[in-house]
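Pasted below: upload08.cif, mmCIF, C-alpha atoms.
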data_target
loop_
_atom_site.label_atom_id
_atom_site.label_comp_id
_atom_site.auth_asym_id
_atom_site.auth_seq_id
_atom_site.Cartn_x
_atom_site.Cartn_y
_atom_site.Cartn_z
CA MET A 17 -17.63 15.89 -29.95
CA SER A 18 -16.74 12.54 -31.43
CA VAL A 19 -17.38 9.14 -29.88
CA ALA A 20 -13.64 8.80 -29.29
CA MET A 21 -13.79 11.82 -27.02
CA TRP A 22 -16.33 10.15 -24.79
CA ALA A 23 -14.40 6.87 -24.64
CA PRO A 24 -12.11 7.71 -21.68
CA ILE A 25 -15.06 9.08 -19.68
CA LEU A 26 -17.11 5.98 -20.41
CA VAL A 27 -14.16 3.81 -19.44
CA ALA A 28 -13.81 5.69 -16.15
CA VAL A 29 -17.52 5.04 -15.43
CA LEU A 30 -17.10 1.39 -16.38
CA LEU A 31 -14.05 1.02 -14.14
CA ALA A 32 -15.86 2.76 -11.28
CA ALA A 33 -18.66 0.22 -11.61
CA SER A 34 -16.69 -2.96 -12.19
CA GLY A 35 -12.94 -2.35 -11.84
CA GLY A 36 -12.90 -3.36 -8.19
CA GLN A 37 -14.85 -6.55 -8.95
CA LEU A 38 -12.44 -7.48 -11.73
CA GLY A 39 -9.48 -6.79 -9.46
CA ARG A 40 -10.83 -9.04 -6.74
CA ARG A 41 -10.97 -11.94 -9.22
CA LEU A 42 -7.25 -11.64 -9.85
CA HIS A 43 -4.26 -12.66 -7.80
CA PRO A 44 -3.33 -9.51 -5.81
CA ALA A 45 0.19 -9.52 -7.28
CA VAL A 46 -1.43 -9.09 -10.72
CA ALA A 47 -4.40 -6.98 -9.66
CA VAL A 48 -2.41 -4.22 -7.95
CA PRO A 49 -0.12 -3.28 -10.89
CA LEU A 50 -2.95 -3.67 -13.42
CA LEU A 51 -5.46 -1.57 -11.47
CA THR A 52 -2.84 1.10 -10.85
CA PHE A 53 -2.01 1.21 -14.56
CA ALA A 54 -5.71 1.32 -15.49
CA ALA A 55 -6.37 4.14 -13.02
CA LEU A 56 -3.39 6.24 -14.13
CA ALA A 57 -4.02 5.79 -17.86
CA THR A 58 -7.74 6.53 -17.53
CA ALA A 59 -7.14 9.60 -15.36
CA LEU A 60 -4.68 11.01 -17.90
CA ALA A 61 -6.94 10.15 -20.85
CA THR A 62 -10.00 11.76 -19.22
CA GLY A 63 -8.05 14.89 -18.35
CA PHE A 64 -6.77 15.08 -21.91
CA VAL A 65 -10.14 14.80 -23.67
CA LEU A 66 -11.70 17.32 -21.26
CA ALA A 67 -8.85 19.73 -21.96
CA VAL A 68 -9.30 19.25 -25.72
CA ALA A 69 -13.05 19.90 -25.42
CA ALA A 70 -12.36 23.09 -23.49
CA PHE A 71 -9.77 24.20 -26.02
CA ASP A 72 -12.20 23.47 -28.87
CA ALA A 73 -14.85 25.63 -27.28
CA MET A 74 -12.44 28.50 -26.87
CA ALA A 75 -11.24 28.10 -30.44
CA MET A 76 -14.78 28.77 -31.68
CA LEU A 77 -14.72 32.27 -30.20
CA ALA A 78 -13.95 34.80 -32.91
CA PRO A 79 -11.10 36.65 -31.11
CA VAL A 80 -9.35 33.39 -30.28
CA ALA A 81 -9.73 32.17 -33.86
CA GLN A 82 -8.25 35.44 -35.06
CA LEU A 83 -5.31 35.01 -32.72
CA GLY A 84 -4.69 31.41 -33.78
CA HIS A 85 -5.19 32.12 -37.47
CA TRP A 86 -7.91 29.54 -37.98
CA SER A 87 -11.45 29.68 -39.24
CA ALA A 88 -13.88 29.46 -36.30
CA ALA A 89 -16.55 27.94 -38.56
CA ALA A 90 -14.20 25.22 -39.79
CA VAL A 91 -13.29 24.19 -36.24
CA ARG A 92 -16.90 23.58 -35.24
CA PRO A 93 -17.69 20.23 -36.94
CA GLY A 94 -16.32 17.53 -34.66
CA GLY A 95 -15.83 19.99 -31.83
CA PRO A 96 -18.13 20.37 -28.83
CA PRO A 97 -21.77 21.13 -29.72
CA SER A 98 -21.73 24.31 -27.70
CA VAL A 99 -19.33 26.76 -26.13
CA LEU A 100 -21.14 26.17 -22.83
CA LEU A 101 -20.36 22.45 -22.83
CA GLY A 102 -16.75 23.23 -23.63
CA ALA A 103 -16.62 25.73 -20.79
CA ALA A 104 -18.02 23.09 -18.42
CA ALA A 105 -15.30 20.69 -19.57
CA GLY A 106 -12.70 23.38 -18.97
CA LEU A 107 -14.00 24.10 -15.49
CA THR A 108 -14.01 20.38 -14.65
CA VAL A 109 -10.48 19.80 -15.88
CA GLY A 110 -9.34 22.87 -13.94
CA VAL A 111 -10.89 21.69 -10.68
CA LEU A 112 -9.51 18.17 -11.13
CA LEU A 113 -6.06 19.46 -11.97
CA VAL A 114 -6.03 21.54 -8.78
CA ALA A 115 -7.14 18.47 -6.79
CA ALA A 116 -4.37 16.36 -8.31
CA VAL A 117 -1.72 18.99 -7.65
CA ARG A 118 -2.91 19.38 -4.04
CA ARG A 119 -2.77 15.63 -3.56
CA ALA A 120 0.73 15.46 -5.07
CA THR A 121 1.90 18.29 -2.81
CA ARG A 122 0.44 16.60 0.27
CA LEU A 123 2.13 13.38 -0.75
CA GLY A 124 5.45 15.13 -1.21
CA VAL A 125 5.21 16.68 2.26
CA ASP A 126 4.21 13.39 3.90
CA LEU A 127 6.90 11.42 2.11
CA GLY A 128 9.40 14.08 3.15
CA HIS A 129 8.35 13.59 6.78
CA ALA A 130 8.66 9.82 6.39
CA VAL A 131 12.12 10.04 4.84
CA ALA A 132 13.27 12.48 7.54
CA THR A 133 11.94 10.11 10.21
CA CYS A 134 13.83 7.23 8.60
CA ARG A 135 16.98 9.32 8.72
CA ARG A 136 16.46 10.19 12.39
CA LEU A 137 16.09 6.49 13.14
CA GLY A 138 19.75 6.19 12.26
CA PRO A 139 21.58 3.87 9.90
CA ASP A 140 19.52 1.06 8.51
CA ALA A 141 20.68 -1.91 10.57
CA ASP A 142 18.26 -4.55 9.38
CA GLY A 143 15.26 -2.64 8.15
CA LEU A 144 13.51 -3.30 11.44
CA VAL A 145 12.93 -0.63 14.04
CA VAL A 146 11.67 -1.77 17.42
CA LEU A 147 10.00 0.91 19.50
CA ARG A 148 9.48 0.60 23.22
CA ASP A 149 5.75 1.08 23.37
CA ASP A 150 3.16 -1.06 25.13
CA ALA A 151 0.47 -0.29 22.56
CA PRO A 152 0.57 -3.02 19.89
CA ASP A 153 1.41 -1.40 16.58
CA ALA A 154 3.19 -2.33 13.36
CA PHE A 155 3.59 -0.44 10.12
CA VAL A 156 5.92 0.29 7.25
CA LEU A 157 7.58 3.66 7.06
CA PRO A 158 8.27 4.41 3.39
CA GLY A 159 11.53 5.99 2.33
CA VAL A 160 14.50 5.50 0.06
CA ARG A 161 15.28 2.63 2.40
CA GLY A 162 12.03 2.19 4.23
CA ARG A 163 11.73 0.65 7.67
CA VAL A 164 9.50 -1.86 9.31
CA VAL A 165 8.38 -0.31 12.58
CA VAL A 166 7.04 -2.59 15.30
CA SER A 167 6.28 -1.79 18.93
CA THR A 168 7.42 -4.02 21.76
CA GLY A 169 3.73 -4.28 22.71
CA MET A 170 2.99 -5.97 19.39
CA LEU A 171 6.03 -8.28 19.54
CA ARG A 172 5.07 -9.46 23.02
CA MET A 173 1.52 -10.26 21.89
CA LEU A 174 2.60 -12.71 19.18
CA PRO A 175 4.15 -16.16 19.51
CA PRO A 176 7.38 -16.66 17.48
CA ASP A 177 5.70 -18.23 14.43
CA GLU A 178 3.19 -15.37 14.18
CA ARG A 179 5.93 -12.76 14.67
CA ARG A 180 7.53 -14.30 11.62
CA VAL A 181 4.31 -13.76 9.64
CA LEU A 182 4.11 -10.12 10.72
CA LEU A 183 7.72 -9.41 9.71
CA ALA A 184 7.33 -11.22 6.39
CA HIS A 185 4.18 -9.20 5.64
CA GLU A 186 5.89 -5.88 6.31
CA ARG A 187 8.99 -6.86 4.34
CA ALA A 188 6.75 -7.74 1.39
CA HIS A 189 5.40 -4.16 1.40
CA LEU A 190 8.92 -2.77 1.19
CA ALA A 191 10.28 -5.28 -1.31
CA GLY A 192 7.27 -4.95 -3.63
CA TYR A 193 7.14 -1.11 -3.56
CA HIS A 194 3.52 -1.36 -2.45
CA GLN A 195 3.37 2.28 -1.35
CA LEU A 196 4.21 3.36 -4.89
CA TYR A 197 1.11 1.64 -6.28
CA VAL A 198 -1.12 2.97 -3.51
CA GLN A 199 0.07 6.53 -4.00
CA LEU A 200 -0.07 6.47 -7.82
CA ALA A 201 -3.62 5.10 -7.73
CA GLY A 202 -4.46 7.74 -5.11
CA LEU A 203 -3.19 10.46 -7.43
CA ALA A 204 -5.26 9.06 -10.30
CA ALA A 205 -8.34 9.08 -8.07
CA ALA A 206 -7.66 12.69 -7.08
CA ALA A 207 -7.49 13.63 -10.76
CA ASN A 208 -10.65 11.67 -11.53
CA PRO A 209 -12.96 10.92 -8.58
CA LEU A 210 -14.71 8.23 -10.65
CA LEU A 211 -11.57 6.14 -10.10
CA ARG A 212 -11.83 6.17 -6.29
CA PRO A 213 -13.15 2.59 -6.07
CA LEU A 214 -10.11 1.51 -8.06
CA ALA A 215 -7.72 3.28 -5.70
CA ARG A 216 -9.46 1.63 -2.73
CA GLU A 217 -9.09 -1.72 -4.42
CA VAL A 218 -5.35 -1.08 -4.84
CA GLU A 219 -5.07 -0.29 -1.11
CA ARG A 220 -6.92 -3.50 -0.28
CA GLY A 221 -4.86 -5.38 -2.86
CA VAL A 222 -1.45 -4.50 -1.41
CA GLU A 223 -2.50 -5.83 2.01
CA ARG A 224 -3.76 -9.04 0.42
CA TRP A 225 -0.59 -9.24 -1.65
CA ALA A 226 1.64 -8.93 1.44
CA ASP A 227 -0.56 -11.48 3.26
CA GLU A 228 -0.05 -13.95 0.42
CA VAL A 229 3.72 -13.40 0.36
CA ALA A 230 3.90 -13.89 4.15
CA ALA A 231 1.73 -17.03 4.03
CA ALA A 232 3.95 -18.48 1.29
CA GLU A 233 7.09 -17.65 3.24
CA VAL A 234 5.95 -19.43 6.40
CA GLY A 235 4.26 -22.14 4.34
CA ASP A 236 1.08 -22.12 6.42
CA ARG A 237 -1.99 -20.08 5.46
CA ARG A 238 -3.83 -20.79 8.70
CA LEU A 239 -0.85 -19.56 10.70
CA ALA A 240 -0.84 -16.34 8.65
CA ALA A 241 -4.56 -15.88 9.34
CA ARG A 242 -4.02 -16.45 13.08
CA ALA A 243 -1.26 -13.82 13.16
CA LEU A 244 -3.64 -11.31 11.58
CA ALA A 245 -6.36 -12.23 14.05
CA ARG A 246 -4.18 -11.93 17.12
CA ALA A 247 -2.55 -8.66 15.99
CA GLY A 248 -5.90 -7.17 15.00
CA LEU A 249 -7.61 -8.08 18.26
CA ALA A 250 -4.62 -6.90 20.32
CA ARG A 251 -4.70 -3.57 18.58
CA ALA A 252 -8.44 -3.24 19.03
CA ALA A 253 -8.06 -3.96 22.75
CA SER A 254 -5.40 -1.28 23.27
CA PRO A 255 -6.59 2.16 24.41
CA ALA A 256 -8.03 4.18 21.54
CA ASP A 257 -5.66 7.06 22.31
CA SER A 258 -2.77 5.19 20.80
CA ARG A 259 -4.59 4.67 17.53
CA TRP A 260 -6.39 7.96 17.13
CA GLY A 261 -4.38 8.86 14.06
CA LEU A 262 -5.58 5.82 12.23
CA ALA A 263 -9.13 6.02 13.53
CA LEU A 264 -9.57 9.23 11.56
CA HIS A 265 -9.63 7.45 8.27
CA ALA A 266 -10.28 3.91 9.37
CA ALA A 267 -13.70 4.15 7.74
CA GLY A 268 -12.13 4.88 4.37
CA ARG A 269 -9.71 2.00 4.68
CA PRO A 270 -10.95 -0.95 2.69
CA ALA A 271 -8.49 -3.54 3.90
CA ALA A 272 -10.86 -5.08 6.42
CA VAL A 273 -8.81 -7.40 8.59
CA GLY A 274 -11.59 -9.98 8.91
CA ALA A 275 -11.90 -10.33 5.15
CA ARG A 276 -8.13 -10.69 4.82
CA ALA A 277 -8.08 -13.44 7.43
CA LEU A 278 -10.93 -15.28 5.70
CA ALA A 279 -9.10 -15.04 2.36
CA LEU A 280 -6.11 -16.74 3.98
CA LEU A 281 -8.32 -19.60 5.12
CA GLN A 282 -9.24 -20.20 1.46
CA PRO A 283 -6.84 -21.82 -1.00
CA PRO A 284 -4.38 -19.36 -2.62
CA PRO A 285 -6.01 -17.23 -5.35
CA ARG A 286 -5.67 -18.60 -8.84
CA ARG A 287 -4.04 -16.67 -11.64
CA ARG A 288 -6.97 -16.06 -13.98
CA ARG A 289 -6.51 -14.61 -17.44
CA TRP A 290 -9.84 -13.09 -18.44
CA PRO A 291 -10.24 -10.41 -15.75
CA ALA A 292 -6.71 -9.23 -16.54
CA ALA A 293 -7.48 -9.19 -20.26
CA ALA A 294 -10.72 -7.28 -19.63
CA LEU A 295 -8.92 -4.64 -17.54
CA ILE A 296 -6.21 -4.19 -20.15
CA ALA A 297 -8.75 -4.01 -23.00
CA VAL A 298 -10.84 -1.37 -21.25
CA THR A 299 -7.75 0.68 -20.45
CA LEU A 300 -6.61 0.49 -24.07
CA VAL A 301 -10.01 1.87 -25.13
CA ALA A 302 -9.43 4.91 -22.90
CA ILE A 303 -5.92 5.42 -24.25
CA GLY A 304 -7.11 4.87 -27.81
CA GLY A 305 -9.93 7.36 -27.38
CA ALA A 306 -7.53 10.01 -26.13
CA ALA A 307 -5.00 9.30 -28.88
CA TRP A 308 -7.69 9.38 -31.57
CA THR A 309 -9.07 12.64 -30.17
CA GLY A 310 -5.61 14.14 -30.20
CA SER A 311 -4.85 13.20 -33.77
CA THR A 312 -8.26 14.17 -35.23
CA THR A 313 -8.22 17.49 -33.38
CA GLU A 314 -4.83 18.27 -34.82
CA ASP A 315 -6.09 17.47 -38.32
CA ARG A 316 -9.17 19.62 -37.76
CA PHE A 317 -7.12 22.61 -36.74
CA GLU A 318 -4.77 22.17 -39.68
CA ARG A 319 -7.76 22.28 -42.02
CA ALA A 320 -9.22 25.26 -40.16
CA GLN A 321 -5.93 27.11 -40.51
CA ALA A 322 -5.83 26.28 -44.21
CA ASP A 323 -9.39 27.66 -44.52
CA TYR A 324 -8.30 30.79 -42.69
CA ALA A 325 -5.41 31.28 -45.08
CA VAL A 326 -7.82 31.06 -48.04
CA ALA A 327 -10.60 33.24 -46.56
CA PRO A 328 -9.70 34.84 -43.22
CA MET B 10 18.43 -23.56 2.30
CA PRO B 11 19.48 -25.68 5.23
CA GLY B 12 19.37 -24.00 8.60
CA SER B 13 17.38 -20.92 7.69
CA SER B 14 14.36 -22.99 6.48
CA GLY B 15 13.39 -20.92 3.47
CA ARG B 16 13.71 -17.51 5.06
CA ALA B 17 14.23 -14.45 2.90
CA ARG B 18 17.39 -12.36 3.16
CA GLY B 19 17.54 -10.49 6.44
CA ALA B 20 14.44 -12.27 7.73
CA LEU B 21 16.26 -14.23 10.41
CA GLU B 22 18.01 -11.11 11.74
CA GLN B 23 14.67 -9.31 12.01
CA GLU B 24 13.15 -12.28 13.83
CA VAL B 25 16.07 -12.37 16.25
CA LEU B 26 15.59 -8.66 17.00
CA GLY B 27 11.86 -9.24 17.45
CA CYS B 28 12.50 -12.13 19.80
CA LEU B 29 14.91 -10.11 21.98
CA ALA B 30 12.57 -7.11 22.04
CA ALA B 31 9.62 -9.27 23.05
CA ALA B 32 11.64 -10.86 25.84
CA GLY B 33 12.70 -7.49 27.18
CA ARG B 34 15.91 -8.91 28.69
CA PRO B 35 19.18 -10.35 27.37
CA LEU B 36 18.91 -13.93 26.09
CA THR B 37 21.48 -16.64 25.44
CA THR B 38 21.83 -18.22 22.03
CA ALA B 39 19.90 -21.27 23.18
CA GLU B 40 17.08 -19.09 24.52
CA VAL B 41 16.89 -17.17 21.25
CA GLN B 42 16.87 -20.46 19.35
CA ALA B 43 13.92 -21.61 21.44
CA GLY B 44 12.15 -18.28 20.85
CA LEU B 45 12.25 -18.50 17.06
CA ASP B 46 9.84 -20.25 14.74
CA GLY B 47 10.89 -23.50 13.12
CA HIS B 48 13.76 -25.80 13.90
CA LEU B 49 16.80 -23.64 13.35
CA ALA B 50 20.28 -24.98 13.89
CA TYR B 51 22.08 -23.58 16.92
CA THR B 52 24.95 -22.41 14.70
CA THR B 53 22.52 -20.56 12.41
CA VAL B 54 21.14 -18.59 15.34
CA MET B 55 24.64 -18.00 16.68
CA THR B 56 25.79 -16.65 13.30
CA ALA B 57 22.85 -14.24 13.17
CA LEU B 58 23.52 -13.04 16.72
CA THR B 59 27.22 -12.55 16.02
CA ARG B 60 26.44 -10.61 12.86
CA LEU B 61 23.97 -8.33 14.67
CA HIS B 62 26.47 -7.79 17.46
CA ALA B 63 29.17 -6.86 14.93
CA LYS B 64 26.79 -4.28 13.44
CA GLY B 65 26.31 -2.76 16.87
CA VAL B 66 22.62 -3.57 17.02
CA LEU B 67 23.10 -5.95 19.93
CA THR B 68 25.21 -5.82 23.06
CA ARG B 69 26.46 -8.98 24.70
CA GLN B 70 27.67 -9.99 28.12
CA PRO B 71 29.10 -13.26 29.40
CA ALA B 72 26.48 -15.56 30.88
CA GLY B 73 28.07 -18.73 32.16
CA ARG B 74 30.05 -20.30 29.36
CA ALA B 75 28.03 -18.51 26.66
CA PHE B 76 26.97 -14.95 25.88
CA ALA B 77 23.67 -13.28 26.59
CA TYR B 78 22.58 -10.86 23.87
CA GLY B 79 20.45 -7.77 24.41
CA LEU B 80 19.26 -4.90 22.25
CA ALA B 81 21.74 -2.02 22.13
CA ALA B 82 20.81 0.62 24.67
CA ASP B 83 19.95 3.41 22.24
CA MET B 84 16.45 2.04 21.87
CA ASP B 85 15.69 3.76 25.17
CA GLU B 86 17.08 7.07 23.98
CA ILE B 87 14.80 7.39 20.98
CA PRO B 88 13.20 10.85 21.09
CA ALA B 89 9.53 11.10 21.94
CA SER B 90 8.55 12.07 18.40
CA LEU B 91 9.93 8.74 17.23
CA THR B 92 7.50 6.59 19.15
CA ALA B 93 4.96 4.67 17.10
CA ARG B 94 2.35 7.13 18.34
CA GLY B 95 4.53 10.09 17.45
CA MET B 96 5.05 8.79 13.92
CA ARG B 97 1.35 8.24 13.43
CA ARG B 98 0.62 11.73 14.67
CA LEU B 99 3.22 13.18 12.32
CA LEU B 100 2.20 11.18 9.28
CA GLU B 101 -1.45 10.32 9.66
CA SER B 102 -3.32 13.04 11.53
CA GLY B 103 -5.70 15.02 9.40
CA PRO B 104 -8.27 13.90 6.86
CA ASP B 105 -6.31 14.89 3.76
CA ARG B 106 -3.05 13.17 4.56
CA ALA B 107 -1.57 10.98 1.87
CA SER B 108 -1.47 8.16 4.47
CA VAL B 109 1.95 6.84 3.59
CA LEU B 110 2.05 4.38 6.49
CA ALA B 111 1.00 0.84 5.66
CA SER B 112 -0.38 -0.73 8.85
CA PHE B 113 -0.31 -4.45 9.47
CA VAL B 114 -3.81 -4.34 10.90
CA ALA B 115 -6.33 -1.54 10.63
CA ASP B 116 -9.09 -0.82 13.14
CA LEU B 117 -11.70 -3.53 13.37
CA SER B 118 -15.40 -3.46 12.73
CA ALA B 119 -17.68 -5.54 14.95
CA GLU B 120 -17.87 -8.09 12.13
CA ASP B 121 -14.05 -8.26 11.90
CA GLU B 122 -13.81 -8.85 15.63
CA ARG B 123 -16.30 -11.71 15.44
CA ILE B 124 -14.41 -13.38 12.57
CA LEU B 125 -10.99 -12.97 14.18
CA SER B 126 -12.09 -14.16 17.63
CA GLY B 127 -13.64 -17.23 16.04
CA LEU B 128 -10.42 -17.93 14.20
CA LEU B 129 -8.34 -17.92 17.37
CA GLU B 130 -10.84 -20.10 19.23
CA ASP B 131 -10.57 -22.67 16.44
CA ARG B 132 -6.99 -23.15 17.39
CA ALA B 133 -7.77 -23.83 21.02
CA HIS B 134 -9.94 -26.80 20.02
CA PRO B 135 -8.48 -27.98 16.73
CA GLN B 136 -10.10 -31.41 16.97
CA ASP B 137 -13.60 -30.16 17.72
CA GLY B 138 -16.23 -31.74 15.50
CA GLY B 139 -13.65 -33.46 13.34
CA PRO B 140 -14.07 -37.10 12.42
CA ALA B 141 -12.03 -39.43 14.58
#
Mind turning this structure into structure tokens?
Amino acid sequence: MSVAMWAPILVAVLLAASGGQLGRRLHPAVAVPLLTFAALATALATGFVLAVAAFDAMAMLAPVAQLGHWSAAAVRPGGPPSVLLGAAAGLTVGVLLVAAVRRATRLGVDLGHAVATCRRLGPDADGLVVLRDDAPDAFVLPGVRGRVVVSTGMLRMLPPDERRVLLAHERAHLAGYHQLYVQLAGLAAAANPLLRPLAREVERGVERWADEVAAAEVGDRRLAARALARAGLARAASPADSRWGLALHAAGRPAAVGARALALLQPPPRRRRWPAAALIAVTLVAIGGAAWTGSTTEDRFERAQADYAVAP
Amino acid sequence: MPGSSGRARGALEQEVLGCLAAAGRPLTTAEVQAGLDGHLAYTTVMTALTRLHAKGVLTRQPAGRAFAYGLAADMDEIPASLTARGMRRLLESGPDRASVLASFVADLSAEDERILSGLLEDRAHPQDGGPA
């Protein structure tokens, strides 16, 4: 197994340890796309090198070599040190692939529900759906033309200027395709659990991103923070029954409302270069490792097939 | 952008809907104007109301010399599964859901509550401790 083969796995470990930190040093509008790209590329690269390792191990078995017309002995140098390690890689990539497919299926079903709900809500008048419900609630329903859903309970809780913040925040989610980033990063994390911190950072990042857009639109960061505070406290004060769905995974949700409000009380985040450059560089190492592995493996098998042709 | 004070496309219409929904009763143009953020021109608000009425989102009835606008009645006829609660149940119940809903505010920790309460109190006494 060459160094290149380990590169994507090392990158995944590195991103698990520091990707979130790097992301938090960036403006959320930069962090979210970059982290999503890093997560996707690394997940694909890791899956690829694991699959190659598994294939290598199988190729060393005499019957398989016979079938593929290559010399088992010639495959070995550069391949995995043992069949066992290759088998472990194969098992891992199999389990991860199943996890990714399950996640994608779940996502498809949930998005289908969301789109069907959008359709039942009737023609898209203004992207805003007001529901008569005393429990304060507000969320974005994704779809081809997603909707901002707000309960009358929430609208009544907020003064006009803070209502404006809430609506601007939700519109930012729709206009910026924030769900797409969250779901792609979620898929990457399903395919490589090392990338979970990155996916959480993307979830946190889209909320921060929408907060920043809303604050810029109303031109008052403190007002945006107050809107968050009032909405958050109103929701917390409403009976738990109305929020039981969310409570189930509230613990896994990283977008802590307090931290978001505090961030709005600070000056707007600066657009730094080096954390972005570091993220891109690390991701390129993962991609490079996978590409190098692919090309050297191909060469190796070509040689092994040539050897087989000479002395089967 | 005079009149709409830097609002994004469709923003004013959404705010008008939010204002009427919060009021829970029909409002005149002047009342809506007073219930919106910023100093919007009367004609700007009137244009938005007229546009929403033309789309069928709002109903209107004469109120004195003006009109009072209310949300179209079908909001009451929304099926039970289309309440906020119903949508959450449909899309968020279960640990392995893809969680496709993006909530404005998530549940609060004790620490969050402390921060947020402090933030709102600040507003009540904006001059506290500040130099004269």
Extract, using only C-alpha atoms, all DNA, RNA and protein residues at most 12 Å from A:Thr62, discarding same-chain residues fewer than 3 positions from it, and format them as an MDAnalysis selection string.
chainID A and resid 20:29 54:59 65:69 105:106 108:109 112:113 204:205 207:211 299 301:307 309
The selected residues should be written to file as an mmCIF file, keeping the file's coordinate frame (atoms: C-alpha atoms).
data_model
loop_
_atom_site.group_PDB
_atom_site.id
_atom_site.type_symbol
_atom_site.label_atom_id
_atom_site.label_comp_id
_atom_site.auth_asym_id
_atom_site.auth_seq_id
_atom_site.Cartn_x
_atom_site.Cartn_y
_atom_site.Cartn_z
ATOM 1 C CA ALA A 20 -13.640 8.800 -29.290
ATOM 2 C CA MET A 21 -13.790 11.820 -27.020
ATOM 3 C CA TRP A 22 -16.330 10.150 -24.790
ATOM 4 C CA ALA A 23 -14.400 6.870 -24.640
ATOM 5 C CA PRO A 24 -12.110 7.710 -21.680
ATOM 6 C CA ILE A 25 -15.060 9.080 -19.680
ATOM 7 C CA LEU A 26 -17.110 5.980 -20.410
ATOM 8 C CA VAL A 27 -14.160 3.810 -19.440
ATOM 9 C CA ALA A 28 -13.810 5.690 -16.150
ATOM 10 C CA VAL A 29 -17.520 5.040 -15.430
ATOM 11 C CA ALA A 54 -5.710 1.320 -15.490
ATOM 12 C CA ALA A 55 -6.370 4.140 -13.020
ATOM 13 C CA LEU A 56 -3.390 6.240 -14.130
ATOM 14 C CA ALA A 57 -4.020 5.790 -17.860
ATOM 15 C CA THR A 58 -7.740 6.530 -17.530
ATOM 16 C CA ALA A 59 -7.140 9.600 -15.360
ATOM 17 C CA VAL A 65 -10.140 14.800 -23.670
ATOM 18 C CA LEU A 66 -11.700 17.320 -21.260
ATOM 19 C CA ALA A 67 -8.850 19.730 -21.960
ATOM 20 C CA VAL A 68 -9.300 19.250 -25.720
ATOM 21 C CA ALA A 69 -13.050 19.900 -25.420
ATOM 22 C CA ALA A 105 -15.300 20.690 -19.570
ATOM 23 C CA GLY A 106 -12.700 23.380 -18.970
ATOM 24 C CA THR A 108 -14.010 20.380 -14.650
ATOM 25 C CA VAL A 109 -10.480 19.800 -15.880
ATOM 26 C CA LEU A 112 -9.510 18.170 -11.130
ATOM 27 C CA LEU A 113 -6.060 19.460 -11.970
ATOM 28 C CA ALA A 204 -5.260 9.060 -10.300
ATOM 29 C CA ALA A 205 -8.340 9.080 -8.070
ATOM 30 C CA ALA A 207 -7.490 13.630 -10.760
ATOM 31 C CA ASN A 208 -10.650 11.670 -11.530
ATOM 32 C CA PRO A 209 -12.960 10.920 -8.580
ATOM 33 C CA LEU A 210 -14.710 8.230 -10.650
ATOM 34 C CA LEU A 211 -11.570 6.140 -10.100
ATOM 35 C CA THR A 299 -7.750 0.680 -20.450
ATOM 36 C CA VAL A 301 -10.010 1.870 -25.130
ATOM 37 C CA ALA A 302 -9.430 4.910 -22.900
ATOM 38 C CA ILE A 303 -5.920 5.420 -24.250
ATOM 39 C CA GLY A 304 -7.110 4.870 -27.810
ATOM 40 C CA GLY A 305 -9.930 7.360 -27.380
ATOM 41 C CA ALA A 306 -7.530 10.010 -26.130
ATOM 42 C CA ALA A 307 -5.000 9.300 -28.880
ATOM 43 C CA THR A 309 -9.070 12.640 -30.170
#
Name the residues in contact with B:Val25 at a cut-off of 10 Å, using only C-alpha atoms, excluding same-chain residues fewer than 6 positions from it; report them as JSON, numbers by chain.
{"A": [176, 180], "B": [31, 41, 42, 44, 45, 54, 57, 58, 61]}
Taking 2 positions as the minimum chain separation for residues in the same chain, which residues sit within 9 Å of A:Asp177 when counting only C-alpha atoms? Answer as an MDAnalysis selection string.
(chainID A and resid 174:175 179:181 234 239:240 243) or (chainID B and resid 45:47)
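Taking atom CA of B:Leu100 and atom CA of A:Asp153 as the two end points, the separation is 14.6 Å.
If you measure from each of A:Arg172, A:His194, A:His189, A:Arg316 to A:Ala247 using all atoms listed in the file, the closest one turns out to be A:Arg172.
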Evaluate the PyMOL selection byres ((chain B and resi 122-125) around 9) here and jot the selected residues down as a PyMOL selection string.
(chain A and resi 241-242+244-246+248-249+252+273-275+277-278) or (chain B and resi 117-121+126-130)
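Take the candidates A:Pro49, A:Pro79, A:Gly63, A:Gly143 and check each one against chain B using only C-alpha atoms; the shortest distance goes to A:Gly143.
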Computed interatomic separation between atom CA of B:Glu22 and atom CA of A:Arg161 (Å)
16.8 Å
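Candidate residues B:Val114, B:Leu80, B:Arg94, B:Thr38 were compared for distance to B:Thr56, and the nearest is B:Thr38, using only C-alpha atoms.
Each of A:Leu144, A:Val164, A:Ala293, A:Val46 was compared to chain B using all atoms listed in the file, and A:Leu144 turns out to be the nearest.
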